[in-house]
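Q: The structure file run31.csv (CSV, C-alpha atoms) is provided below.
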chain,number,residue,atom,x,y,z
A,1,MET,CA,-15.5,1.8,-8.3
A,2,ASN,CA,-12.5,3.5,-9.7
A,3,ARG,CA,-9.4,3.6,-7.5
A,4,LEU,CA,-6.7,3.9,-10.2
A,5,PHE,CA,-6.2,7.4,-11.7
A,6,SER,CA,-3.6,8.9,-14.1
A,7,PHE,CA,-2.3,12.4,-14.7
A,8,LEU,CA,-1.3,13.0,-18.3
A,9,GLY,CA,0.9,16.0,-19.0
A,10,GLY,CA,1.1,17.2,-22.6
A,11,SER,CA,-0.2,19.8,-25.1
A,12,ARG,CA,-3.9,19.4,-24.3
A,13,GLY,CA,-6.1,18.7,-21.4
A,14,VAL,CA,-8.8,20.1,-19.0
A,15,TRP,CA,-6.3,21.8,-16.7
A,16,LYS,CA,-3.9,24.5,-18.0
A,17,VAL,CA,-0.5,24.7,-16.3
A,18,LEU,CA,0.1,28.1,-14.7
A,19,ARG,CA,3.4,27.2,-13.1
A,20,GLN,CA,5.6,24.0,-12.9
A,21,GLU,CA,8.6,23.7,-10.7
A,22,SER,CA,10.9,21.2,-9.0
A,23,VAL,CA,10.8,21.6,-5.3
A,24,VAL,CA,13.4,18.9,-4.4
A,25,GLY,CA,15.2,16.6,-6.8
A,26,GLU,CA,14.6,15.9,-10.4
A,27,GLY,CA,11.7,17.8,-12.0
A,28,LEU,CA,9.3,16.7,-14.7
A,29,PRO,CA,9.4,17.8,-18.4
A,30,ALA,CA,7.5,21.0,-18.8
A,31,VAL,CA,4.0,20.7,-20.2
A,32,ASP,CA,1.1,23.1,-21.0
A,33,TYR,CA,-1.8,21.0,-19.9
A,34,VAL,CA,-2.7,18.2,-17.6
A,35,ASP,CA,-5.5,15.7,-17.8
A,36,LEU,CA,-6.8,13.6,-14.9
A,37,ILE,CA,-8.3,10.3,-16.1
A,38,ALA,CA,-9.7,7.2,-14.5
A,39,GLY,CA,-7.4,4.2,-15.1
A,40,GLN,CA,-4.3,4.3,-17.3
A,41,GLN,CA,-4.0,5.2,-21.0
A,42,GLN,CA,-2.0,2.8,-23.1
A,43,GLY,CA,0.1,4.4,-25.8
A,44,ALA,CA,-0.8,7.9,-24.5
A,45,ALA,CA,0.5,10.8,-26.7
A,46,ALA,CA,1.2,12.7,-23.4
A,47,VAL,CA,4.7,13.8,-22.5
A,48,TRP,CA,4.4,12.0,-19.2
A,49,GLN,CA,1.8,9.9,-17.4
A,50,LEU,CA,1.8,9.5,-13.7
A,51,SER,CA,-0.6,6.9,-12.1
A,52,GLY,CA,-1.6,6.2,-8.6
A,53,ILE,CA,-4.3,4.4,-6.7
A,54,VAL,CA,-6.7,5.6,-4.0
A,55,SER,CA,-6.2,3.4,-1.0
A,56,ASN,CA,-7.0,3.1,2.7
A,57,GLU,CA,-5.4,5.7,4.9
A,58,ARG,CA,-2.2,4.7,6.6
A,59,TYR,CA,-2.0,7.0,9.6
A,60,VAL,CA,-5.4,8.4,10.3
A,61,GLN,CA,-7.0,7.4,13.7
A,62,ARG,CA,-10.7,7.1,14.4
A,63,GLU,CA,-11.3,10.6,15.7
A,64,GLU,CA,-9.3,12.2,13.0
A,65,LYS,CA,-11.2,10.2,10.4
A,66,GLN,CA,-14.5,11.5,11.7
A,67,LEU,CA,-13.3,15.1,11.6
A,68,LEU,CA,-12.0,14.6,8.0
A,69,VAL,CA,-15.2,13.0,6.8
A,70,GLN,CA,-17.3,15.8,8.4
A,71,LYS,CA,-15.2,18.7,7.0
A,72,GLN,CA,-13.9,17.6,3.6
A,73,GLU,CA,-15.6,18.3,0.3
A,74,GLY,CA,-15.2,16.3,-2.9
A,75,LEU,CA,-13.4,17.0,-6.2
A,76,GLY,CA,-15.3,18.7,-9.1
A,77,ARG,CA,-16.9,21.6,-7.3
A,78,VAL,CA,-17.9,24.2,-9.9
A,79,GLU,CA,-16.1,27.1,-8.0
A,80,ALA,CA,-12.9,25.1,-7.6
A,81,THR,CA,-11.2,26.2,-10.8
A,82,ARG,CA,-7.7,26.1,-9.5
A,83,ALA,CA,-5.8,23.0,-8.8
A,84,ALA,CA,-2.3,21.7,-7.8
A,85,LEU,CA,-0.6,18.4,-8.5
A,86,ILE,CA,2.2,17.6,-6.1
A,87,PRO,CA,4.0,14.3,-6.8
A,88,ILE,CA,6.3,13.3,-3.9
A,89,ARG,CA,8.8,10.6,-3.3
A,90,LYS,CA,10.1,9.6,0.2
A,91,THR,CA,13.5,8.2,1.1
A,92,ALA,CA,14.3,4.6,1.8
A,93,ALA,CA,15.0,5.7,5.4
A,94,TRP,CA,11.3,6.6,5.7
A,95,TRP,CA,10.1,3.3,4.4
A,96,ASN,CA,12.4,1.4,6.7
A,97,LEU,CA,10.8,3.0,9.7
A,98,SER,CA,8.3,1.1,11.7
A,99,GLN,CA,4.6,2.1,11.7
A,100,ASP,CA,4.7,3.8,15.1
A,101,GLU,CA,7.8,5.7,14.1
A,102,ARG,CA,6.2,6.9,10.8
A,103,ARG,CA,3.0,7.9,12.6
A,104,ALA,CA,5.0,9.8,15.3
A,105,ILE,CA,6.8,11.9,12.6
A,106,PHE,CA,3.7,12.3,10.4
A,107,GLU,CA,1.3,13.5,13.1
A,108,GLU,CA,2.7,13.9,16.6
A,109,GLN,CA,5.8,15.8,15.3
A,110,SER,CA,4.6,17.2,11.9
A,111,LYS,CA,0.8,17.7,12.5
A,112,HIS,CA,0.1,16.6,9.0
A,113,ILE,CA,-3.5,15.7,9.6
A,114,GLN,CA,-4.1,18.8,11.9
A,115,ILE,CA,-2.6,21.1,9.3
A,116,GLY,CA,-4.8,19.6,6.6
A,117,LEU,CA,-7.9,19.9,8.7
A,118,LYS,CA,-7.4,23.7,9.2
A,119,TYR,CA,-7.7,24.1,5.4
A,120,LEU,CA,-10.9,22.2,5.0
A,121,PRO,CA,-13.4,22.5,3.4
A,122,GLU,CA,-11.9,25.2,1.1
A,123,ILE,CA,-9.1,22.9,-0.2
A,124,ALA,CA,-10.4,19.6,-1.6
A,125,ARG,CA,-7.8,16.9,-1.8
A,126,ARG,CA,-7.3,13.3,-3.1
A,127,LEU,CA,-4.2,11.2,-2.4
A,128,HIS,CA,-3.0,8.6,-4.9
A,129,HIS,CA,-0.5,5.9,-3.8
A,130,CYS,CA,2.0,4.9,-6.4
A,131,ARG,CA,4.6,3.0,-4.5
A,132,ASP,CA,2.9,-0.4,-4.6
A,133,LEU,CA,1.6,-0.1,-8.1
A,134,SER,CA,4.8,-1.4,-9.6
A,135,GLU,CA,8.5,-1.7,-8.7
A,136,SER,CA,9.5,1.3,-10.7
A,137,GLU,CA,7.2,4.2,-10.1
A,138,PRO,CA,8.9,7.6,-10.2
A,139,PHE,CA,7.0,8.9,-7.1
A,140,ASP,CA,5.4,7.4,-4.0
A,141,PHE,CA,2.4,9.7,-3.9
A,142,LEU,CA,0.5,12.1,-6.1
A,143,THR,CA,-1.6,14.6,-4.2
A,144,TRP,CA,-4.2,16.5,-6.2
A,145,PHE,CA,-5.8,19.6,-4.7
A,146,GLU,CA,-8.8,21.7,-6.0
A,147,PHE,CA,-9.8,25.1,-4.7
A,148,PRO,CA,-11.4,28.4,-5.7
A,149,PRO,CA,-9.0,31.1,-7.0
A,150,ALA,CA,-9.7,33.3,-3.9
A,151,HIS,CA,-8.0,30.6,-1.8
A,152,GLU,CA,-4.8,30.3,-3.7
A,153,ALA,CA,-2.8,32.2,-1.0
A,154,TYR,CA,-4.5,29.9,1.6
A,155,PHE,CA,-3.2,26.9,-0.4
A,156,ASP,CA,0.3,28.4,-0.5
A,157,GLN,CA,0.2,28.6,3.3
A,158,LEU,CA,-0.9,24.9,3.6
A,159,VAL,CA,2.0,23.8,1.4
A,160,ALA,CA,4.5,26.0,3.2
A,161,GLU,CA,3.5,24.6,6.6
A,162,LEU,CA,3.9,21.0,5.5
A,163,ARG,CA,7.3,21.7,3.9
A,164,LYS,CA,8.6,23.1,7.2
A,165,SER,CA,7.6,19.9,9.1
A,166,PRO,CA,10.0,17.1,10.2
A,167,GLU,CA,8.2,14.7,7.8
A,168,TRP,CA,9.5,16.7,4.8
A,169,GLN,CA,13.1,15.8,5.7
A,170,PHE,CA,12.2,12.4,4.3
A,171,VAL,CA,11.0,13.8,1.0
A,172,ASP,CA,13.7,13.5,-1.7
A,173,ARG,CA,11.7,14.3,-4.8
A,174,GLU,CA,8.9,16.8,-5.0
A,175,VAL,CA,7.4,18.6,-8.0
A,176,GLU,CA,4.7,21.2,-7.9
A,177,ILE,CA,2.3,22.0,-10.7
A,178,ARG,CA,-0.3,24.8,-10.4
A,179,LEU,CA,-3.3,24.7,-12.7
A,180,GLU,CA,-6.4,26.5,-13.9
A,181,ARG,CA,-9.4,24.8,-15.4
A,182,ALA,CA,-9.3,25.5,-19.1
A,183,SER,CA,-12.8,24.5,-20.2
B,1,MET,CA,15.9,-4.8,-6.0
B,2,ASN,CA,12.9,-7.0,-6.8
B,3,ARG,CA,9.8,-6.2,-4.9
B,4,LEU,CA,7.2,-7.6,-7.4
B,5,PHE,CA,6.7,-11.4,-7.4
B,6,SER,CA,4.2,-13.8,-9.1
B,7,PHE,CA,3.0,-17.2,-8.3
B,8,LEU,CA,2.1,-19.3,-11.4
B,9,GLY,CA,-0.1,-22.3,-11.0
B,10,GLY,CA,0.0,-24.9,-13.8
B,11,SER,CA,1.3,-28.2,-15.0
B,12,ARG,CA,5.0,-27.5,-14.2
B,13,GLY,CA,7.1,-25.6,-11.7
B,14,VAL,CA,9.6,-25.9,-8.9
B,15,TRP,CA,6.9,-26.6,-6.2
B,16,LYS,CA,4.7,-29.6,-6.4
B,17,VAL,CA,1.2,-29.2,-5.0
B,18,LEU,CA,0.4,-31.6,-2.1
B,19,ARG,CA,-3.0,-30.2,-1.2
B,20,GLN,CA,-5.1,-27.3,-2.4
B,21,GLU,CA,-8.3,-26.1,-0.7
B,22,SER,CA,-10.6,-23.2,-0.3
B,23,VAL,CA,-10.8,-22.1,3.3
B,24,VAL,CA,-13.3,-19.3,2.8
B,25,GLY,CA,-15.0,-18.1,-0.3
B,26,GLU,CA,-14.2,-19.0,-3.9
B,27,GLY,CA,-11.3,-21.3,-4.5
B,28,LEU,CA,-8.7,-21.3,-7.3
B,29,PRO,CA,-8.6,-23.8,-10.2
B,30,ALA,CA,-6.7,-26.9,-9.2
B,31,VAL,CA,-3.1,-27.1,-10.4
B,32,ASP,CA,-0.2,-29.6,-10.0
B,33,TYR,CA,2.7,-27.2,-9.7
B,34,VAL,CA,3.4,-23.7,-8.6
B,35,ASP,CA,6.3,-21.5,-9.7
B,36,LEU,CA,7.5,-18.4,-7.8
B,37,ILE,CA,9.0,-15.8,-10.1
B,38,ALA,CA,10.4,-12.3,-9.9
B,39,GLY,CA,8.1,-9.8,-11.7
B,40,GLN,CA,5.2,-10.9,-13.8
B,41,GLN,CA,5.0,-13.2,-16.8
B,42,GLN,CA,3.2,-11.8,-19.9
B,43,GLY,CA,1.2,-14.4,-21.8
B,44,ALA,CA,2.0,-17.1,-19.2
B,45,ALA,CA,0.9,-20.6,-20.1
B,46,ALA,CA,-0.1,-21.0,-16.4
B,47,VAL,CA,-3.6,-21.8,-15.3
B,48,TRP,CA,-3.4,-18.8,-13.0
B,49,GLN,CA,-1.0,-16.1,-12.1
B,50,LEU,CA,-1.1,-14.2,-8.8
B,51,SER,CA,1.1,-11.2,-8.3
B,52,GLY,CA,2.0,-9.1,-5.2
B,53,ILE,CA,4.6,-6.6,-4.1
B,54,VAL,CA,6.8,-6.7,-1.0
B,55,SER,CA,6.2,-3.4,0.8
B,56,ASN,CA,6.7,-1.7,4.1
B,57,GLU,CA,5.1,-3.2,7.1
B,58,ARG,CA,1.8,-1.6,8.1
B,59,TYR,CA,1.3,-2.6,11.7
B,60,VAL,CA,4.7,-3.5,13.1
B,61,GLN,CA,6.1,-1.3,15.8
B,62,ARG,CA,9.8,-0.6,16.6
B,63,GLU,CA,10.3,-3.3,19.3
B,64,GLU,CA,8.4,-5.9,17.3
B,65,LYS,CA,10.4,-5.1,14.2
B,66,GLN,CA,13.7,-5.6,16.1
B,67,LEU,CA,12.4,-9.0,17.4
B,68,LEU,CA,11.3,-10.0,13.9
B,69,VAL,CA,14.6,-9.0,12.3
B,70,GLN,CA,16.6,-10.9,15.0
B,71,LYS,CA,14.6,-14.1,14.7
B,72,GLN,CA,13.5,-14.5,11.2
B,73,GLU,CA,15.3,-16.4,8.4
B,74,GLY,CA,15.2,-15.8,4.7
B,75,LEU,CA,13.6,-17.9,1.9
B,76,GLY,CA,15.5,-20.5,0.0
B,77,ARG,CA,17.0,-22.5,3.0
B,78,VAL,CA,18.1,-25.9,1.7
B,79,GLU,CA,16.3,-27.8,4.4
B,80,ALA,CA,13.0,-25.9,3.9
B,81,THR,CA,11.5,-28.2,1.3
B,82,ARG,CA,7.9,-27.6,2.2
B,83,ALA,CA,6.0,-24.5,1.5
B,84,ALA,CA,2.5,-23.0,1.7
B,85,LEU,CA,0.9,-20.3,-0.4
B,86,ILE,CA,-2.0,-18.6,1.3
B,87,PRO,CA,-3.8,-15.9,-0.7
B,88,ILE,CA,-6.2,-13.8,1.4
B,89,ARG,CA,-8.8,-11.1,0.8
B,90,LYS,CA,-10.2,-8.9,3.5
B,91,THR,CA,-13.7,-7.3,3.6
B,92,ALA,CA,-14.5,-3.7,2.7
B,93,ALA,CA,-15.3,-3.2,6.5
B,94,TRP,CA,-11.7,-3.9,7.3
B,95,TRP,CA,-10.4,-1.4,4.8
B,96,ASN,CA,-12.8,1.2,6.0
B,97,LEU,CA,-11.4,1.0,9.5
B,98,SER,CA,-8.9,3.6,10.7
B,99,GLN,CA,-5.3,2.7,11.2
B,100,ASP,CA,-5.6,2.5,15.0
B,101,GLU,CA,-8.7,0.3,14.8
B,102,ARG,CA,-6.9,-2.1,12.4
B,103,ARG,CA,-3.8,-2.2,14.5
B,104,ALA,CA,-5.9,-2.9,17.6
B,105,ILE,CA,-7.7,-5.9,15.9
B,106,PHE,CA,-4.4,-7.1,14.3
B,107,GLU,CA,-2.2,-7.1,17.3
B,108,GLU,CA,-3.8,-6.1,20.7
B,109,GLN,CA,-6.8,-8.5,20.0
B,110,SER,CA,-5.4,-11.0,17.6
B,111,LYS,CA,-1.7,-11.1,18.5
B,112,HIS,CA,-0.8,-11.6,14.8
B,113,ILE,CA,2.8,-10.5,15.3
B,114,GLN,CA,3.2,-12.3,18.7
B,115,ILE,CA,1.9,-15.6,17.1
B,116,GLY,CA,4.2,-15.2,14.1
B,117,LEU,CA,7.2,-14.6,16.4
B,118,LYS,CA,6.6,-17.9,18.3
B,119,TYR,CA,7.1,-19.8,15.1
B,120,LEU,CA,10.4,-18.1,14.1
B,121,PRO,CA,12.9,-19.1,12.8
B,122,GLU,CA,11.5,-22.5,11.8
B,123,ILE,CA,8.9,-21.0,9.5
B,124,ALA,CA,10.2,-18.4,7.0
B,125,ARG,CA,7.7,-16.1,5.6
B,126,ARG,CA,7.3,-13.4,2.9
B,127,LEU,CA,4.2,-11.2,2.6
B,128,HIS,CA,3.2,-9.8,-0.8
B,129,HIS,CA,0.6,-7.0,-1.1
B,130,CYS,CA,-1.7,-7.1,-4.0
B,131,ARG,CA,-4.4,-4.6,-3.1
B,132,ASP,CA,-2.7,-1.5,-4.5
B,133,LEU,CA,-1.2,-3.2,-7.6
B,134,SER,CA,-4.3,-2.6,-9.6
B,135,GLU,CA,-8.1,-2.0,-9.1
B,136,SER,CA,-9.0,-5.6,-9.7
B,137,GLU,CA,-6.7,-8.0,-7.9
B,138,PRO,CA,-8.5,-11.2,-6.7
B,139,PHE,CA,-6.7,-11.1,-3.3
B,140,ASP,CA,-5.3,-8.5,-1.0
B,141,PHE,CA,-2.3,-10.5,0.2
B,142,LEU,CA,-0.3,-13.5,-0.8
B,143,THR,CA,1.7,-15.0,2.1
B,144,TRP,CA,4.4,-17.5,1.2
B,145,PHE,CA,5.9,-19.8,3.9
B,146,GLU,CA,8.8,-22.2,3.7
B,147,PHE,CA,9.7,-24.7,6.4
B,148,PRO,CA,11.4,-28.1,6.8
B,149,PRO,CA,9.1,-31.2,6.6
B,150,ALA,CA,9.6,-31.9,10.3
B,151,HIS,CA,7.8,-28.6,11.1
B,152,GLU,CA,4.7,-29.2,9.1
B,153,ALA,CA,2.5,-29.8,12.2
B,154,TYR,CA,4.1,-26.7,13.7
B,155,PHE,CA,2.9,-24.8,10.7
B,156,ASP,CA,-0.6,-26.2,11.0
B,157,GLN,CA,-0.7,-24.9,14.5
B,158,LEU,CA,0.4,-21.4,13.4
B,159,VAL,CA,-2.3,-21.2,10.7
B,160,ALA,CA,-5.0,-22.6,13.1
B,161,GLU,CA,-4.1,-19.9,15.8
B,162,LEU,CA,-4.4,-17.1,13.3
B,163,ARG,CA,-7.7,-18.4,11.9
B,164,LYS,CA,-9.3,-18.4,15.4
B,165,SER,CA,-8.4,-14.7,15.9
B,166,PRO,CA,-10.8,-11.7,15.6
B,167,GLU,CA,-8.8,-10.5,12.7
B,168,TRP,CA,-9.9,-13.5,10.6
B,169,GLN,CA,-13.5,-12.4,10.9
B,170,PHE,CA,-12.5,-9.8,8.3
B,171,VAL,CA,-11.2,-12.4,5.9
B,172,ASP,CA,-13.8,-13.2,3.1
B,173,ARG,CA,-11.6,-15.2,0.7
B,174,GLU,CA,-8.8,-17.5,1.7
B,175,VAL,CA,-7.1,-20.3,-0.3
B,176,GLU,CA,-4.5,-22.7,1.1
B,177,ILE,CA,-1.9,-24.5,-1.1
B,178,ARG,CA,0.6,-26.8,0.5
B,179,LEU,CA,3.7,-27.7,-1.6
B,180,GLU,CA,6.9,-29.7,-1.7
B,181,ARG,CA,10.0,-28.7,-3.6
B,182,ALA,CA,10.1,-30.9,-6.7
B,183,SER,CA,13.6,-30.3,-7.9
Let me see the file written as structure tokens.

A:
Amino acid sequence: MNRLFSFLGGSRGVWKVLRQESVVGEGLPAVDYVDLIAGQQQGAAAVWQLSGIVSNERYVQREEKQLLVQKQEGLGRVEATRAALIPIRKTAAWWNLSQDERRAIFEEQSKHIQIGLKYLPEIARRLHHCRDLSESEPFDFLTWFEFPPAHEAYFDQLVAELRKSPEWQFVDREVEIRLERAS
Amino acid sequence: MNRLFSFLGGSRGVWKVLRQESVVGEGLPAVDYVDLIAGQQQGAAAVWQLSGIVSNERYVQREEKQLLVQKQEGLGRVEATRAALIPIRKTAAWWNLSQDERRAIFEEQSKHIQIGLKYLPEIARRLHHCRDLSESEPFDFLTWFEFPPAHEAYFDQLVAELRKSPEWQFVDREVEIRLERAS
């Protein structure tokens, strides 16, 4: 079972970049295409490679997990020809919080799970953890979203809601890349 | 700041093996010495190399964190000439639990933090996470303990208490290596 995935930004790939921007902090070199591969590519010709691992959920409680499992759809739906890659890094202050403090900010204050649930099943999502892959990863998380073009505005709304939340005060680097399936 | 550490088992090292055993599941090849290094060693001559990363705590709540910080001592104390390396793997069933279910087993049922606190500051401890370092790590955690020889029986008691707990029903591989500082 693959848990490790990499995003390769460069001059070719399955996903064509429509827009790439730095939301907070340092951006990423501009690329025309992004590929999503299982594992990591040694000596990749890509301009950049970002890797992350699919792991257990850190904040989701039993009832929330059941709702997520019921409502969410997988990646690779034929109609989901739009995508977004959002790499995020959180501050040291976030990582120094205790588990109950992080959960309180994440859900009781920021409604991260509740907001995400509202946009299911239209927006499919996979979270990749980078922080514990090595000592020197540029981001803590890579979130990948896939949705039909008709739901692009709906996706804008999801992202805007999360960015207004108290949790986002702990985000010190965020890049957003919008994509369209090229082939 | 180093977060990634490796344990190298082989024919030389700072820590001399006094005893090595499989507690549950497959053991590790027998070695005479273990070295603890920052980072990872490429092409190491060691018999085995186990790596893990120091990460944020996953279950500790604010008040528990304060107690831990107050009571715990660091590695490298001159008098702490005994050590133990305990690599552990947990079952898929554990990782499929939600955060609140894992916390309930870990602390409300098993008193993992409370038990650990009883043995501070005599037993110093560092937990290394392996699970998200790659797809194919042989263990999920490497726990490293250091203590003065006079507290060896005290350490036996700590380990015995944890192994009797409900949390340990989710452990499907565990190795224990007891060591003495050689130099």

Q: Skip Ala150 (chain B) itself and residues of its chain fewer than 3 positions away, then list as a list in words all residues within 12 Å of it, counting all atoms listed in the file.

A: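 With the cut-off at 12 Å, the set is Glu79, Ala80, Thr81, Arg82, Glu122, Ile123, Glu146, Phe147, Ala153, Tyr154, Phe155 and Asp156 of chain B.
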
Q: Taking all atoms listed in the file into account, what are the residues of chain A at most 9 Å from chain B, put as a PyMOL selection string?

A: chain A and resi 1-4+39+52-65+95-101+129-135

Q: Between CA of Ser22 (chain B) and CA of Arg89 (chain B), what distance in Å does the model show, to one decimal?

A: 12.3 Å

Q: Considering only C-alpha atoms, state which residue in the set B:Tyr119, B:Trp168, B:Phe141, B:Trp48 is at the smallest distance from Val34 (chain B).

A: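 Among the listed residues, B:Trp48 lies closest to Val34 (chain B).
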
Q: So, counting all atoms listed in the file, which residue among A:Gln49, A:Thr143, A:Ser11, A:Gln157 is closest to Ala83 (chain A)?

A: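 For Ala83 (chain A), the nearest of the given residues is A:Thr143.
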
Q: Here is a test: counting all atoms listed in the file, which residue of B:Glu26, B:Pro121, B:Ala45, B:Val171 is nearest to Gly10 (chain B)?

A: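 Result for the nearest residue to Gly10 (chain B): B:Ala45.
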
Q: Between B:Ala93, B:Leu67, B:Ala84, B:Leu162, single out the one closest to Glu107 (chain B), counting all atoms listed in the file.

A: B:Leu162

Q: As a compact mmCIF listing (two decimals) with C-alpha atoms, keeping the file's coordinate frame, please: the residues near Pro166 (chain A) (cut-off 8 Å, all atoms listed in the file, same-chain neighbours under 2 positions excluded).

A:
# COMPACT_ATOMS: atom_id res chain seq x y z
CA ILE A 105 6.80 11.90 12.60
CA PHE A 106 3.70 12.30 10.40
CA GLN A 109 5.80 15.80 15.30
CA SER A 110 4.60 17.20 11.90
CA LYS A 164 8.60 23.10 7.20
CA TRP A 168 9.50 16.70 4.80
CA GLN A 169 13.10 15.80 5.70
CA PHE A 170 12.20 12.40 4.30

Q: Once you count all atoms listed in the file, which residues end up no further than 12 Å from (19.1, -16.2, 9.1) in the file's frame, shown as a list in words?

A: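 Final list of nearby residues, as requested, is Leu68, Val69, Gln70, Lys71, Gln72, Glu73, Gly74, Leu75, Gly76, Arg77, Leu120, Pro121, Glu122, Ile123, Ala124 and Arg125 of chain B.
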
Q: Work out how far CA of Ala46 (chain A) is from CA of Leu142 (chain A), in Å to one decimal.

A: 17.3 Å

Q: Nearest residue to Gly13 (chain B) out of B:Arg163, B:His112, B:Arg181, B:His151, using all atoms listed in the file?

A: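 For Gly13 (chain B), the nearest of the candidates is B:Arg181.
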
Q: With only C-alpha atoms as the counted atoms, please give the residues lying no more than 10 Å from Val14 (chain A), apart from itself and same-chain residues fewer than 5 positions off, as a PyMOL selection string.

A: chain A and resi 33-36+179-183

Q: Do you have the CA of Glu167 (chain A)-CA of Ile113 (chain B) distance handy?

A: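 Spanning CA of Glu167 (chain A) to CA of Ile113 (chain B) is a straight-line distance of 26.8 Å.
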
Q: Could you list as a PDB file with C-alpha atoms, keeping the file's coordinate frame every residue that has an atom within 12 Å of (-3.3, -33.0, -2.4), using the file's coordinates and counting only C-alpha atoms?

A:
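Output file out.pdb is given in full below:
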ATOM      1  CA  LYS B  16       4.700 -29.600  -6.400  1.00  0.00           C
ATOM      2  CA  VAL B  17       1.200 -29.200  -5.000  1.00  0.00           C
ATOM      3  CA  LEU B  18       0.400 -31.600  -2.100  1.00  0.00           C
ATOM      4  CA  ARG B  19      -3.000 -30.200  -1.200  1.00  0.00           C
ATOM      5  CA  GLN B  20      -5.100 -27.300  -2.400  1.00  0.00           C
ATOM      6  CA  GLU B  21      -8.300 -26.100  -0.700  1.00  0.00           C
ATOM      7  CA  ALA B  30      -6.700 -26.900  -9.200  1.00  0.00           C
ATOM      8  CA  VAL B  31      -3.100 -27.100 -10.400  1.00  0.00           C
ATOM      9  CA  ASP B  32      -0.200 -29.600 -10.000  1.00  0.00           C
ATOM     10  CA  TYR B  33       2.700 -27.200  -9.700  1.00  0.00           C
ATOM     11  CA  GLU B 176      -4.500 -22.700   1.100  1.00  0.00           C
ATOM     12  CA  ILE B 177      -1.900 -24.500  -1.100  1.00  0.00           C
ATOM     13  CA  ARG B 178       0.600 -26.800   0.500  1.00  0.00           C
ATOM     14  CA  LEU B 179       3.700 -27.700  -1.600  1.00  0.00           C
ATOM     15  CA  GLU B 180       6.900 -29.700  -1.700  1.00  0.00           C
TER      16      GLU B 180
END

Q: So, counting all atoms listed in the file, which residue among B:Leu50, B:Leu117, B:Leu158, B:Ala38 is closest to Leu85 (chain B)?

A: B:Leu50
